[in-house]
file data28.tsv (TSV, C-alpha atoms and all ligand atoms)
chain	number	residue	atom	x	y	z
A	1	MET	CA	-3.94	-4.10	-34.37
A	2	SER	CA	-7.27	-2.91	-33.07
A	3	ASP	CA	-8.26	0.71	-32.98
A	4	PHE	CA	-9.66	0.79	-29.44
A	5	VAL	CA	-8.99	-1.27	-26.32
A	6	TYR	CA	-10.62	-1.19	-22.92
A	7	ILE	CA	-8.33	-2.41	-20.18
A	8	SER	CA	-10.35	-4.34	-17.65
A	9	CYS	CA	-8.52	-3.74	-14.38
A	10	PRO	CA	-8.57	-6.80	-12.12
A	11	GLY	CA	-7.77	-4.64	-9.09
A	12	VAL	CA	-10.83	-2.44	-9.25
A	13	GLU	CA	-12.88	-4.32	-6.64
A	14	GLY	CA	-9.88	-4.52	-4.32
A	15	TYR	CA	-9.14	-0.79	-4.39
A	16	ASP	CA	-11.55	0.00	-1.58
A	17	PHE	CA	-10.62	2.03	1.50
A	18	SER	CA	-13.85	1.22	3.36
A	19	PRO	CA	-17.58	0.82	2.67
A	20	SER	CA	-18.20	4.43	3.71
A	21	HIS	CA	-15.43	5.89	1.56
A	22	PRO	CA	-16.62	7.88	-1.49
A	23	LEU	CA	-14.24	6.16	-3.93
A	24	ARG	CA	-16.54	3.20	-4.60
A	25	PRO	CA	-15.45	0.44	-7.00
A	26	GLU	CA	-19.05	0.57	-8.29
A	27	ARG	CA	-18.16	3.77	-10.11
A	28	VAL	CA	-16.11	1.76	-12.56
A	29	LEU	CA	-18.21	-1.42	-12.49
A	30	LEU	CA	-21.51	0.39	-13.19
A	31	SER	CA	-19.89	2.37	-16.01
A	32	GLN	CA	-18.60	-0.81	-17.57
A	33	GLN	CA	-22.02	-2.43	-17.17
A	34	LEU	CA	-23.87	0.49	-18.75
A	35	ALA	CA	-21.39	0.66	-21.63
A	36	GLN	CA	-21.87	-3.06	-22.26
A	37	MET	CA	-25.67	-2.80	-22.10
A	38	LEU	CA	-25.61	0.01	-24.66
A	39	GLU	CA	-23.20	-1.97	-26.84
A	40	VAL	CA	-20.46	0.62	-26.59
A	41	LEU	CA	-18.17	-2.02	-25.10
A	42	HIS	CA	-17.93	-5.53	-26.47
A	43	ASP	CA	-16.06	-8.53	-25.15
A	44	GLU	CA	-13.53	-8.22	-27.96
A	45	ASP	CA	-12.60	-4.68	-26.82
A	46	MET	CA	-11.75	-5.83	-23.33
A	47	VAL	CA	-8.27	-6.88	-22.29
A	48	ARG	CA	-7.32	-8.18	-18.85
A	49	VAL	CA	-3.79	-7.41	-17.71
A	50	SER	CA	-1.20	-8.12	-15.03
A	51	PRO	CA	-0.28	-5.81	-12.17
A	52	ALA	CA	2.64	-3.42	-12.59
A	53	SER	CA	5.95	-4.49	-11.14
A	54	PRO	CA	6.98	-2.70	-7.93
A	55	ASP	CA	10.30	-1.89	-9.61
A	56	LEU	CA	8.57	0.07	-12.35
A	57	VAL	CA	6.48	1.98	-9.79
A	58	ALA	CA	9.70	2.76	-7.91
A	59	GLU	CA	11.00	4.57	-11.00
A	60	VAL	CA	8.30	7.20	-10.43
A	61	HIS	CA	7.70	7.02	-6.66
A	62	SER	CA	10.48	6.69	-4.11
A	63	PRO	CA	11.54	3.08	-3.46
A	64	ARG	CA	11.12	3.79	0.25
A	65	TYR	CA	7.47	4.80	-0.29
A	66	VAL	CA	6.75	1.67	-2.38
A	67	GLN	CA	8.08	-0.40	0.52
A	68	VAL	CA	5.94	1.52	3.04
A	69	VAL	CA	2.81	0.81	0.98
A	70	ARG	CA	3.74	-2.88	0.84
A	71	ASP	CA	4.33	-3.08	4.59
A	72	LEU	CA	1.13	-1.25	5.54
A	73	SER	CA	-0.78	-3.42	3.10
A	74	GLU	CA	0.45	-6.52	4.94
A	75	GLY	CA	-0.66	-5.03	8.26
A	76	LYS	CA	2.87	-4.34	9.50
A	77	HIS	CA	3.50	-1.41	11.79
A	78	VAL	CA	5.49	1.27	10.00
A	79	PRO	CA	6.94	3.91	12.35
A	80	GLY	CA	6.07	7.40	11.12
A	81	TYR	CA	3.66	6.08	8.50
A	82	TYR	CA	1.57	9.23	8.81
A	83	ALA	CA	4.33	11.17	7.05
A	84	PHE	CA	3.49	9.17	3.91
A	85	GLY	CA	-0.10	10.43	3.70
A	86	PHE	CA	-1.88	7.51	5.33
A	87	ALA	CA	-3.02	9.23	8.52
A	88	SER	CA	-5.88	11.27	7.09
A	89	GLY	CA	-9.41	10.00	6.68
A	90	ASP	CA	-8.93	10.34	2.91
A	91	ASN	CA	-6.36	7.53	2.67
A	92	PRO	CA	-6.70	5.05	5.51
A	93	PRO	CA	-4.32	2.10	4.96
A	94	PHE	CA	-6.10	-1.15	4.13
A	95	ARG	CA	-5.08	-4.78	3.70
A	96	GLY	CA	-4.29	-5.58	0.09
A	97	MET	CA	-3.82	-1.98	-0.97
A	98	PHE	CA	-0.39	-2.75	-2.40
A	99	GLU	CA	-1.73	-5.39	-4.81
A	100	ALA	CA	-4.82	-3.33	-5.69
A	101	SER	CA	-2.68	-0.27	-6.41
A	102	LEU	CA	-0.22	-2.25	-8.53
A	103	ALA	CA	-3.19	-3.61	-10.50
A	104	VAL	CA	-4.47	-0.10	-11.24
A	105	VAL	CA	-1.01	1.02	-12.36
A	106	GLY	CA	-0.64	-2.17	-14.42
A	107	ALA	CA	-3.82	-1.34	-16.31
A	108	SER	CA	-2.63	2.19	-17.15
A	109	VAL	CA	0.78	0.86	-18.18
A	110	ALA	CA	-0.96	-1.69	-20.41
A	111	ALA	CA	-2.94	1.16	-21.96
A	112	ALA	CA	0.31	3.05	-22.61
A	113	GLN	CA	1.90	-0.07	-24.07
A	114	ALA	CA	-1.10	-0.69	-26.34
A	115	VAL	CA	-0.83	2.84	-27.73
A	116	MET	CA	2.92	2.41	-28.26
A	117	ASP	CA	2.11	-0.75	-30.19
A	118	GLY	CA	-0.18	1.17	-32.54
A	119	VAL	CA	-3.63	1.23	-30.91
A	120	ARG	CA	-5.38	4.60	-31.39
A	121	VAL	CA	-7.14	4.71	-28.00
A	122	ALA	CA	-6.64	2.65	-24.84
A	123	VAL	CA	-8.74	3.23	-21.71
A	124	ASN	CA	-8.35	2.32	-18.04
A	125	LEU	CA	-11.37	3.64	-16.14
A	126	ALA	CA	-9.97	2.35	-12.84
A	127	GLY	CA	-6.98	4.68	-13.26
A	128	GLY	CA	-6.48	8.41	-13.09
A	129	LEU	CA	-5.25	8.48	-9.48
A	130	HIS	CA	-3.66	11.86	-10.07
A	131	HIS	CA	-3.07	13.12	-6.52
A	132	ALA	CA	-0.45	10.57	-5.44
A	133	ARG	CA	2.95	12.18	-4.92
A	134	TYR	CA	6.54	11.04	-5.07
A	135	GLU	CA	6.47	9.88	-1.49
A	136	GLU	CA	2.94	10.44	-0.29
A	137	ALA	CA	-0.58	9.12	-0.73
A	138	ALA	CA	-3.13	11.90	-1.21
A	139	GLY	CA	-6.76	12.40	-2.17
A	140	PHE	CA	-7.64	8.66	-2.36
A	141	CYS	CA	-4.58	8.01	-4.56
A	142	ILE	CA	-1.77	5.66	-3.52
A	143	PHE	CA	0.28	5.16	-6.71
A	144	ASN	CA	0.08	7.71	-9.50
A	145	ASP	CA	-0.89	5.55	-12.47
A	146	PRO	CA	-1.08	8.41	-15.02
A	147	ALA	CA	2.46	9.44	-14.04
A	148	VAL	CA	3.73	5.87	-14.48
A	149	ALA	CA	1.96	5.65	-17.86
A	150	ILE	CA	3.69	8.89	-18.93
A	151	HIS	CA	7.02	7.49	-17.74
A	152	VAL	CA	6.49	4.48	-20.03
A	153	LEU	CA	5.30	6.60	-22.98
A	154	LYS	CA	8.46	8.69	-22.78
A	155	GLN	CA	10.42	5.67	-24.00
A	156	LYS	CA	8.87	6.27	-27.40
A	157	TYR	CA	7.50	9.82	-27.51
A	158	ARG	CA	9.40	13.08	-27.11
A	159	ARG	CA	6.37	15.24	-26.36
A	160	VAL	CA	3.58	14.01	-24.11
A	161	VAL	CA	0.54	16.04	-23.08
A	162	TYR	CA	-1.22	15.23	-19.84
A	163	LEU	CA	-4.71	16.77	-19.92
A	164	ASP	CA	-6.74	16.56	-16.72
A	165	ILE	CA	-10.45	17.47	-16.74
A	166	ASP	CA	-11.16	16.26	-13.20
A	167	VAL	CA	-12.69	18.97	-10.99
A	168	HIS	CA	-9.65	18.72	-8.70
A	169	HIS	CA	-6.20	19.94	-9.68
A	170	GLY	CA	-4.01	17.15	-11.13
A	171	ASP	CA	-1.31	18.05	-8.64
A	172	GLY	CA	0.52	14.73	-8.30
A	173	VAL	CA	1.20	14.45	-12.03
A	174	GLN	CA	2.11	18.12	-12.25
A	175	TRP	CA	4.70	17.94	-9.48
A	176	LEU	CA	6.23	14.71	-10.79
A	177	TYR	CA	6.84	16.33	-14.21
A	178	TYR	CA	7.27	19.92	-13.06
A	179	ARG	CA	10.86	20.14	-14.33
A	180	ASP	CA	10.37	18.00	-17.40
A	181	PRO	CA	10.15	19.84	-20.75
A	182	GLN	CA	8.97	16.67	-22.51
A	183	VAL	CA	5.69	16.61	-20.59
A	184	LEU	CA	3.14	19.41	-20.81
A	185	THR	CA	0.60	19.09	-17.99
A	186	ILE	CA	-2.69	20.95	-18.38
A	187	SER	CA	-5.32	20.84	-15.66
A	188	ILE	CA	-8.76	22.50	-15.75
A	189	HIS	CA	-10.22	22.46	-12.27
A	190	GLU	CA	-12.10	24.30	-9.57
A	191	SER	CA	-9.68	26.79	-8.02
A	192	GLY	CA	-7.55	25.64	-5.13
A	193	HIS	CA	-8.91	28.62	-3.22
A	194	PHE	CA	-12.14	26.65	-2.81
A	195	LEU	CA	-11.26	22.98	-3.18
A	196	PHE	CA	-8.77	20.21	-2.43
A	197	PRO	CA	-5.81	20.01	-2.99
A	198	GLY	CA	-5.46	23.81	-2.75
A	199	THR	CA	-3.00	24.12	-5.63
A	200	GLY	CA	-3.26	24.54	-9.41
A	201	HIS	CA	-2.95	28.32	-9.49
A	202	PRO	CA	-2.14	30.20	-12.72
A	203	ASP	CA	1.41	30.97	-11.59
A	204	GLU	CA	2.35	27.28	-11.37
A	205	ILE	CA	4.01	27.00	-14.78
A	206	GLY	CA	6.87	24.55	-14.24
A	207	GLU	CA	10.44	24.93	-13.08
A	208	ALA	CA	13.95	24.89	-14.48
A	209	GLU	CA	13.95	23.26	-17.93
A	210	GLY	CA	10.26	22.52	-17.53
A	211	ARG	CA	9.32	26.17	-17.17
A	212	GLY	CA	6.34	26.84	-19.42
A	213	THR	CA	5.18	23.22	-19.53
A	214	SER	CA	2.63	23.32	-16.74
A	215	ALA	CA	-0.70	25.08	-17.25
A	216	ASN	CA	-3.52	25.54	-14.77
A	217	ILE	CA	-7.01	26.75	-15.58
A	218	ALA	CA	-8.52	27.42	-12.18
A	219	PHE	CA	-12.24	28.13	-12.49
A	220	GLY	CA	-14.69	29.60	-10.01
A	221	ARG	CA	-17.34	27.80	-8.00
A	222	TYR	CA	-20.58	27.11	-9.91
A	223	THR	CA	-18.83	27.25	-13.25
A	224	ASP	CA	-21.24	25.89	-15.84
A	225	ASP	CA	-20.87	24.32	-19.29
A	226	GLU	CA	-20.50	27.62	-21.07
A	227	VAL	CA	-17.82	29.16	-18.86
A	228	TRP	CA	-15.91	25.88	-18.60
A	229	TRP	CA	-15.84	25.41	-22.37
A	230	TRP	CA	-14.86	29.02	-22.93
A	231	ALA	CA	-11.87	28.60	-20.57
A	232	PHE	CA	-10.89	25.30	-22.19
A	233	GLN	CA	-10.96	26.89	-25.66
A	234	GLN	CA	-8.90	29.88	-24.56
A	235	VAL	CA	-6.06	27.73	-23.32
A	236	VAL	CA	-5.95	24.16	-24.53
A	237	PRO	CA	-6.00	24.51	-28.36
A	238	PRO	CA	-3.26	27.20	-28.47
A	239	LEU	CA	-1.06	25.25	-26.05
A	240	TRP	CA	-1.63	22.10	-28.05
A	241	ARG	CA	-0.64	23.78	-31.32
A	242	TRP	CA	2.46	25.23	-29.69
A	243	PHE	CA	3.60	22.00	-28.03
A	244	GLN	CA	2.69	19.58	-30.88
A	245	PRO	CA	2.15	16.51	-28.69
A	246	GLU	CA	2.76	13.06	-30.11
A	247	VAL	CA	0.52	11.37	-27.57
A	248	VAL	CA	-1.96	12.41	-24.87
A	249	VAL	CA	-2.81	11.02	-21.46
A	250	LEU	CA	-6.37	12.16	-20.75
A	251	GLN	CA	-7.57	12.02	-17.15
A	252	MET	CA	-11.38	11.98	-17.34
A	253	GLY	CA	-12.49	12.75	-13.78
A	254	ALA	CA	-16.29	12.98	-13.82
A	255	ASP	CA	-16.60	15.18	-10.74
A	256	PRO	CA	-17.20	18.52	-12.53
A	257	HIS	CA	-20.81	17.28	-12.83
A	258	TYR	CA	-23.38	19.43	-11.04
A	259	THR	CA	-24.58	16.55	-8.87
A	260	ASP	CA	-21.13	15.66	-7.56
A	261	PRO	CA	-21.10	15.70	-3.77
A	262	LEU	CA	-17.42	16.66	-3.33
A	263	ALA	CA	-17.13	19.77	-5.51
A	264	HIS	CA	-19.01	22.87	-6.66
A	265	ALA	CA	-18.93	22.86	-10.45
A	266	ALA	CA	-22.15	22.92	-12.46
A	267	LEU	CA	-21.44	20.95	-15.62
A	268	THR	CA	-23.80	18.61	-17.44
A	269	THR	CA	-22.72	15.27	-18.85
A	270	GLN	CA	-22.86	16.65	-22.39
A	271	GLY	CA	-20.98	19.84	-21.47
A	272	TRP	CA	-18.10	17.85	-19.99
A	273	LEU	CA	-18.03	15.49	-22.97
A	274	ARG	CA	-17.01	18.31	-25.33
A	275	ALA	CA	-13.45	18.15	-24.00
A	276	VAL	CA	-13.23	14.41	-24.73
A	277	GLN	CA	-14.63	15.02	-28.22
A	278	TRP	CA	-12.10	17.80	-28.81
A	279	VAL	CA	-9.19	15.55	-27.84
A	280	VAL	CA	-10.40	12.80	-30.18
A	281	GLU	CA	-10.51	15.32	-33.04
A	282	GLN	CA	-6.82	16.13	-32.61
A	283	GLY	CA	-5.90	12.75	-34.01
A	284	VAL	CA	-3.04	11.85	-31.67
A	285	PRO	CA	-3.00	8.50	-29.83
A	286	ILE	CA	-4.86	8.61	-26.53
A	287	VAL	CA	-4.30	6.89	-23.20
A	288	ALA	CA	-7.51	7.66	-21.30
A	289	THR	CA	-8.11	7.05	-17.63
A	290	GLY	CA	-10.98	7.53	-15.23
A	291	GLY	CA	-10.47	9.71	-12.19
A	292	GLY	CA	-12.76	11.29	-9.63
A	293	GLY	CA	-16.53	11.37	-9.81
A	294	TYR	CA	-18.66	10.50	-6.81
A	295	SER	CA	-22.22	10.78	-8.03
A	296	LEU	CA	-23.21	7.24	-8.98
A	297	THR	CA	-26.02	8.55	-11.16
A	298	ALA	CA	-23.64	10.76	-13.16
A	299	VAL	CA	-20.35	8.85	-13.45
A	300	PRO	CA	-21.61	5.79	-15.39
A	301	ARG	CA	-23.38	8.04	-17.88
A	302	MET	CA	-20.36	10.30	-18.38
A	303	TRP	CA	-17.90	7.46	-18.78
A	304	THR	CA	-20.22	5.59	-21.13
A	305	MET	CA	-20.52	8.71	-23.28
A	306	ALA	CA	-16.74	9.16	-23.12
A	307	LEU	CA	-16.12	5.55	-24.17
A	308	ALA	CA	-18.47	5.94	-27.15
A	309	THR	CA	-16.75	9.19	-28.16
A	310	LEU	CA	-13.26	7.74	-27.78
A	311	LYS	CA	-14.25	4.67	-29.76
A	312	GLY	CA	-16.03	6.75	-32.38
A	313	VAL	CA	-19.39	4.99	-32.18
A	314	SER	CA	-22.86	6.39	-31.63
A	315	VAL	CA	-24.73	5.42	-28.50
A	316	PRO	CA	-28.47	5.23	-27.78
A	317	HIS	CA	-29.69	8.09	-25.65
A	318	GLU	CA	-31.98	6.07	-23.40
A	319	ILE	CA	-30.71	4.14	-20.41
A	320	PRO	CA	-32.00	0.56	-20.57
A	321	PRO	CA	-34.61	-0.39	-17.94
A	322	GLN	CA	-32.46	-3.24	-16.64
A	323	PHE	CA	-29.67	-0.82	-15.59
A	324	PRO	CA	-29.64	-0.74	-11.75
A	325	LEU	CA	-30.00	3.07	-11.53
A	326	HIS	CA	-32.62	3.36	-14.26
A	327	ASP	CA	-35.25	4.69	-11.86
A	328	GLU	CA	-33.09	7.70	-11.07
A	329	VAL	CA	-31.74	8.56	-14.50
A	330	LYS	CA	-33.30	7.85	-17.86
A	331	THR	CA	-30.93	9.38	-20.41
A	332	LEU	CA	-27.21	9.82	-20.92
A	333	HIS	CA	-27.57	13.56	-21.49
A	334	ASP	CA	-28.89	15.70	-18.68
A	335	PRO	CA	-32.35	16.82	-19.77
A	336	GLN	CA	-31.62	20.35	-18.56
A	337	PRO	CA	-28.69	22.19	-17.01
A	338	PRO	CA	-28.79	22.97	-13.29
A	339	GLU	CA	-30.26	26.28	-12.24
A	340	VAL	CA	-27.40	28.48	-11.11
A	341	PRO	CA	-28.54	31.87	-9.73
A	342	GLU	CA	-27.38	34.69	-11.98
A	343	ARG	CA	-25.28	36.31	-9.28
A	344	MET	CA	-23.27	33.11	-8.76
A	345	ARG	CA	-22.97	32.53	-12.46
A	346	ASP	CA	-21.59	36.02	-13.01
A	347	ALA	CA	-19.12	35.55	-10.16
A	348	ALA	CA	-17.94	32.23	-11.64
A	349	LYS	CA	-17.48	33.86	-15.03
A	350	ALA	CA	-15.55	36.83	-13.65
A	351	PHE	CA	-13.30	34.60	-11.54
A	352	THR	CA	-12.57	32.26	-14.44
A	353	GLU	CA	-11.86	35.09	-16.89
A	354	GLN	CA	-9.34	36.59	-14.49
A	355	SER	CA	-7.74	33.23	-13.96
A	356	VAL	CA	-7.36	32.59	-17.69
A	357	GLN	CA	-5.85	36.04	-18.16
A	358	ALA	CA	-3.37	35.36	-15.37
A	359	LEU	CA	-2.43	32.01	-16.89
A	360	ARG	CA	-1.75	33.60	-20.27
A	361	ARG	CA	0.31	36.32	-18.65
A	362	HIS	CA	2.45	33.84	-16.70
A	363	LEU	CA	3.02	31.60	-19.70
A	364	GLN	CA	3.57	34.46	-22.13
A	365	PRO	CA	7.40	34.38	-21.99
A	366	TYR	CA	7.51	30.66	-22.73
A	367	VAL	CA	4.62	29.89	-25.04
A	368	ARG	CA	4.21	31.42	-28.48
A	369	TRP	CA	0.57	32.44	-28.01
A	370	ASP	CA	0.68	35.08	-30.71
A	371	GLU	CA	1.61	32.75	-33.51
A	372	THR	CA	-0.96	30.22	-32.49
A	373	THR	CA	-4.10	32.16	-31.67
B	401	ZN	ZN	-11.49	14.78	-8.49
call {"tool": "encode", "arguments": {"input": "data28.tsv", "output": "structure tokens"}}
result
Amino acid sequence: MSDFVYISCPGVEGYDFSPSHPLRPERVLLSQQLAQMLEVLHDEDMVRVSPASPDLVAEVHSPRYVQVVRDLSEGKHVPGYYAFGFASGDNPPFRGMFEASLAVVGASVAAAQAVMDGVRVAVNLAGGLHHARYEEAAGFCIFNDPAVAIHVLKQKYRRVVYLDIDVHHGDGVQWLYYRDPQVLTISIHESGHFLFPGTGHPDEIGEAEGRGTSANIAFGRYTDDEVWWWAFQQVVPPLWRWFQPEVVVLQMGADPHYTDPLAHAALTTQGWLRAVQWVVEQGVPIVATGGGGYSLTAVPRMWTMALATLKGVSVPHEIPPQFPLHDEVKTLHDPQPPEVPERMRDAAKAFTEQSVQALRRHLQPYVRWDETT
């Protein structure tokens, strides 16, 4: 059994709302191309897979919603379709979206299956569509592939961590497992006070039996590498030691980068990578997905660095001249961090510190922080 597999998702080109929509398939294709050019990915790492079955998806989403997606995808009129999240400009229905969405889920399920079969790390960069809800498309996400992967992993593992480093709150996955004590969801994101989807506050800690198994680090606007890593360290390692996960689903949204057009974080590629490195060091099997990330000059670099880190190989620093975006970016690392005015930096730090304190306070009755920190 190999140590690392890259699931090549056949639906990635088809998952395309419109040419002007920010979720471009090129995000994944350019990342794959750069990783191949730098010899991080080889043909023998890459596995092509089948789409997920609608029945499996309907174990996580409502069967009615799965049928609505199928009907809209075929161009049928569905009365009241707007109630399922397809009315907004974020998620316009498109022909073939059912098949494309099943393909994305199929790739994440294949990654979960590979890990269950003994692979150390399996990656689906086309996945990470974390906003999709039980019965609603949201934030460019139709089916929630990380949630379906977790559903599959639960057949084997009793304790699953979902760690989401996308700049947006991983709300869809959180709500789907909000009452489930077997799944600890941790999301580090720009606060919902400033950014879509408006949730992910420190007091969202799970419900019923799942109380204490949802954690939200909501950081301030213009949070940089240092503040982000400080917040991560305050929360993730102690929670990890307390929960003792047997497997992790890592959503690697690349939109905390300072050049991202849809958010206001100020991370560098190398600052963001520390979280991926930290997860690798924990030594539990990893199902890794892509996620957001809308700067085409940043995403391929970040995901190439992530793939190298997950695989445990070194990667050349220089971007090869034949890479299509070579003229705009020359190295994987950002040569220097963005310049954030001191006033904004201080505000980001103060906001994030308060938020971390609030999180610890809310989780205090459920998590044994004292024994673990
Ligand atoms: Zn995002």
call {"tool": "closest_atom_pairs", "arguments": {"input": "data28.tsv", "of": "segment 72-162 of chain A", "to": "segment 248-260 of chain A", "cutoff": "9 Å", "atoms": "all atoms listed in the file", "output": "Markdown table"}}
result
| residue | atom | partner | partner_atom | distance |
| --- | --- | --- | --- | --- |
| A:Ala112 | CA | A:Val249 | CA | 8.6 |
| A:Leu125 | CA | A:Met252 | CA | 8.4 |
| A:Gly127 | CA | A:Gln251 | CA | 8.3 |
| A:Gly128 | CA | A:Gln251 | CA | 5.5 |
| A:Leu129 | CA | A:Gln251 | CA | 8.8 |
| A:His130 | CA | A:Gln251 | CA | 8.1 |
| A:Pro146 | CA | A:Val249 | CA | 7.2 |
| A:Ala149 | CA | A:Val249 | CA | 8.0 |
| A:Ile150 | CA | A:Val249 | CA | 7.3 |
| A:Arg159 | CA | A:Val248 | CA | 8.9 |
| A:Val160 | CA | A:Val248 | CA | 5.8 |
| A:Val161 | CA | A:Val248 | CA | 4.8 |
| A:Tyr162 | CA | A:Val249 | CA | 4.8 |
call {"tool": "closest_atom_pairs", "arguments": {"input": "data28.tsv", "of": "chain A", "to": "ligand ZN 401 (chain B)", "cutoff": "7 Å", "atoms": "only C-alpha atoms and all ligand atoms", "output": "CSV"}}
result
residue,atom,partner,partner_atom,distance
A:Asp166,CA,B:ZN401,ZN,4.9
A:Val167,CA,B:ZN401,ZN,5.0
A:His168,CA,B:ZN401,ZN,4.4
A:Gly253,CA,B:ZN401,ZN,5.8
A:Asp255,CA,B:ZN401,ZN,5.6
A:Gly291,CA,B:ZN401,ZN,6.4
A:Gly292,CA,B:ZN401,ZN,3.9
A:Gly293,CA,B:ZN401,ZN,6.2
call {"tool": "closest_residue", "arguments": {"input": "data28.tsv", "among": "A:Gln182, A:Ser62, A:Ser31, A:Gln354", "to": "Ser295 of chain A", "atoms": "only C-alpha atoms"}}
result
A:Ser31
call {"tool": "residues_around", "arguments": {"input": "data28.tsv", "residues": "Leu176 of chain A", "least_positions_apart": "3", "cutoff": "7 Å", "atoms": "only C-alpha atoms", "output": "PyMOL selection string"}}
result
chain A and resi 134+172-173
call {"tool": "write_last_selection", "arguments": {"input": "data28.tsv", "atoms": "C-alpha atoms", "output": "compact mmCIF listing (two decimals), keeping the file's coordinate frame"}}
result
# COMPACT_ATOMS: atom_id res chain seq x y z
CA TYR A 134 6.54 11.04 -5.07
CA GLY A 172 0.52 14.73 -8.30
CA VAL A 173 1.20 14.45 -12.03
call {"tool": "atom_distance", "arguments": {"input": "data28.tsv", "atom1": "atom CA of Thr185 of chain A", "atom2": "atom CA of Leu163 of chain A"}}
result
6.1 Å
call {"tool": "closest_residue", "arguments": {"input": "data28.tsv", "among": "A:Gly283, A:Leu267, A:Pro324, A:Leu363", "to": "Pro202 of chain A", "atoms": "only C-alpha atoms"}}
result
A:Leu363
call {"tool": "closest_residue", "arguments": {"input": "data28.tsv", "among": "A:Leu23, A:Leu359, A:Tyr177, A:Phe4", "to": "Val47 of chain A", "atoms": "all atoms listed in the file"}}
result
A:Phe4
call {"tool": "atom_distance", "arguments": {"input": "data28.tsv", "atom1": "atom CA of Met46 of chain A", "atom2": "atom CA of Asn144 of chain A"}}
result
22.7 Å
call {"tool": "residues_around", "arguments": {"input": "data28.tsv", "residues": "Val28 of chain A", "least_positions_apart": "5", "cutoff": "9 Å", "atoms": "all atoms listed in the file", "output": "ChimeraX atom specification"}}
result
/A:12,33,125-126,290,299-300,303
call {"tool": "write_last_selection", "arguments": {"input": "data28.tsv", "atoms": "C-alpha atoms", "output": "short mmCIF file (atom, residue, chain, number, x, y, z; two decimals), in the frame of the given file"}}
result
data_model
loop_
_atom_site.label_atom_id
_atom_site.label_comp_id
_atom_site.auth_asym_id
_atom_site.auth_seq_id
_atom_site.Cartn_x
_atom_site.Cartn_y
_atom_site.Cartn_z
CA VAL A 12 -10.83 -2.44 -9.25
CA GLN A 33 -22.02 -2.43 -17.17
CA LEU A 125 -11.37 3.64 -16.14
CA ALA A 126 -9.97 2.35 -12.84
CA GLY A 290 -10.98 7.53 -15.23
CA VAL A 299 -20.35 8.85 -13.45
CA PRO A 300 -21.61 5.79 -15.39
CA TRP A 303 -17.90 7.46 -18.78
#
call {"tool": "atom_distance", "arguments": {"input": "data28.tsv", "atom1": "atom CA of Asp164 of chain A", "atom2": "atom CA of Gly206 of chain A"}}
result
16.0 Å
call {"tool": "closest_residue", "arguments": {"input": "data28.tsv", "among": "A:Ala263, A:Ala215, A:Ala348, A:Met97", "to": "Phe194 of chain A", "atoms": "all atoms listed in the file"}}
result
A:Ala263
call {"tool": "residues_around", "arguments": {"input": "data28.tsv", "residues": "Asp43 of chain A", "least_positions_apart": "2", "cutoff": "12 Å", "atoms": "all atoms listed in the file", "output": "tab-separated table (two decimals) with C-alpha atoms, in the frame of the given file"}}
result
chain	number	residue	atom	x	y	z
A	5	VAL	CA	-8.99	-1.27	-26.32
A	6	TYR	CA	-10.62	-1.19	-22.92
A	7	ILE	CA	-8.33	-2.41	-20.18
A	8	SER	CA	-10.35	-4.34	-17.65
A	32	GLN	CA	-18.60	-0.81	-17.57
A	33	GLN	CA	-22.02	-2.43	-17.17
A	35	ALA	CA	-21.39	0.66	-21.63
A	36	GLN	CA	-21.87	-3.06	-22.26
A	37	MET	CA	-25.67	-2.80	-22.10
A	39	GLU	CA	-23.20	-1.97	-26.84
A	40	VAL	CA	-20.46	0.62	-26.59
A	41	LEU	CA	-18.17	-2.02	-25.10
A	45	ASP	CA	-12.60	-4.68	-26.82
A	46	MET	CA	-11.75	-5.83	-23.33
A	47	VAL	CA	-8.27	-6.88	-22.29
A	48	ARG	CA	-7.32	-8.18	-18.85
call {"tool": "closest_residue", "arguments": {"input": "data28.tsv", "among": "A:Gly170, A:Leu184, A:Leu153, A:Pro25", "to": "His201 of chain A", "atoms": "all atoms listed in the file"}}
result
A:Gly170
call {"tool": "residues_around", "arguments": {"input": "data28.tsv", "residues": "Gln244 of chain A", "least_positions_apart": "2", "cutoff": "10 Å", "atoms": "only C-alpha atoms", "output": "MDAnalysis selection string"}}
result
chainID A and resid 159:161 238:242 246:247 284
call {"tool": "residues_near_point", "arguments": {"input": "data28.tsv", "point": "(-30.9, 12.9, -18.9)", "cutoff": "10 Å", "atoms": "only C-alpha atoms", "output": "NGL selection string"}}
result
:A and (268-270 or 298 or 301 or 317-319 or 328-337)
call {"tool": "write_last_selection", "arguments": {"input": "data28.tsv", "atoms": "C-alpha atoms", "output": "short mmCIF file (atom, residue, chain, number, x, y, z; two decimals), keeping the file's coordinate frame"}}
result
data_model
loop_
_atom_site.label_atom_id
_atom_site.label_comp_id
_atom_site.auth_asym_id
_atom_site.auth_seq_id
_atom_site.Cartn_x
_atom_site.Cartn_y
_atom_site.Cartn_z
CA THR A 268 -23.80 18.61 -17.44
CA THR A 269 -22.72 15.27 -18.85
CA GLN A 270 -22.86 16.65 -22.39
CA ALA A 298 -23.64 10.76 -13.16
CA ARG A 301 -23.38 8.04 -17.88
CA HIS A 317 -29.69 8.09 -25.65
CA GLU A 318 -31.98 6.07 -23.40
CA ILE A 319 -30.71 4.14 -20.41
CA GLU A 328 -33.09 7.70 -11.07
CA VAL A 329 -31.74 8.56 -14.50
CA LYS A 330 -33.30 7.85 -17.86
CA THR A 331 -30.93 9.38 -20.41
CA LEU A 332 -27.21 9.82 -20.92
CA HIS A 333 -27.57 13.56 -21.49
CA ASP A 334 -28.89 15.70 -18.68
CA PRO A 335 -32.35 16.82 -19.77
CA GLN A 336 -31.62 20.35 -18.56
CA PRO A 337 -28.69 22.19 -17.01
#
call {"tool": "closest_residue", "arguments": {"input": "data28.tsv", "among": "A:Pro63, A:Pro316, A:Pro237, A:Gly192", "to": "Asn216 of chain A", "atoms": "only C-alpha atoms"}}
result
A:Gly192
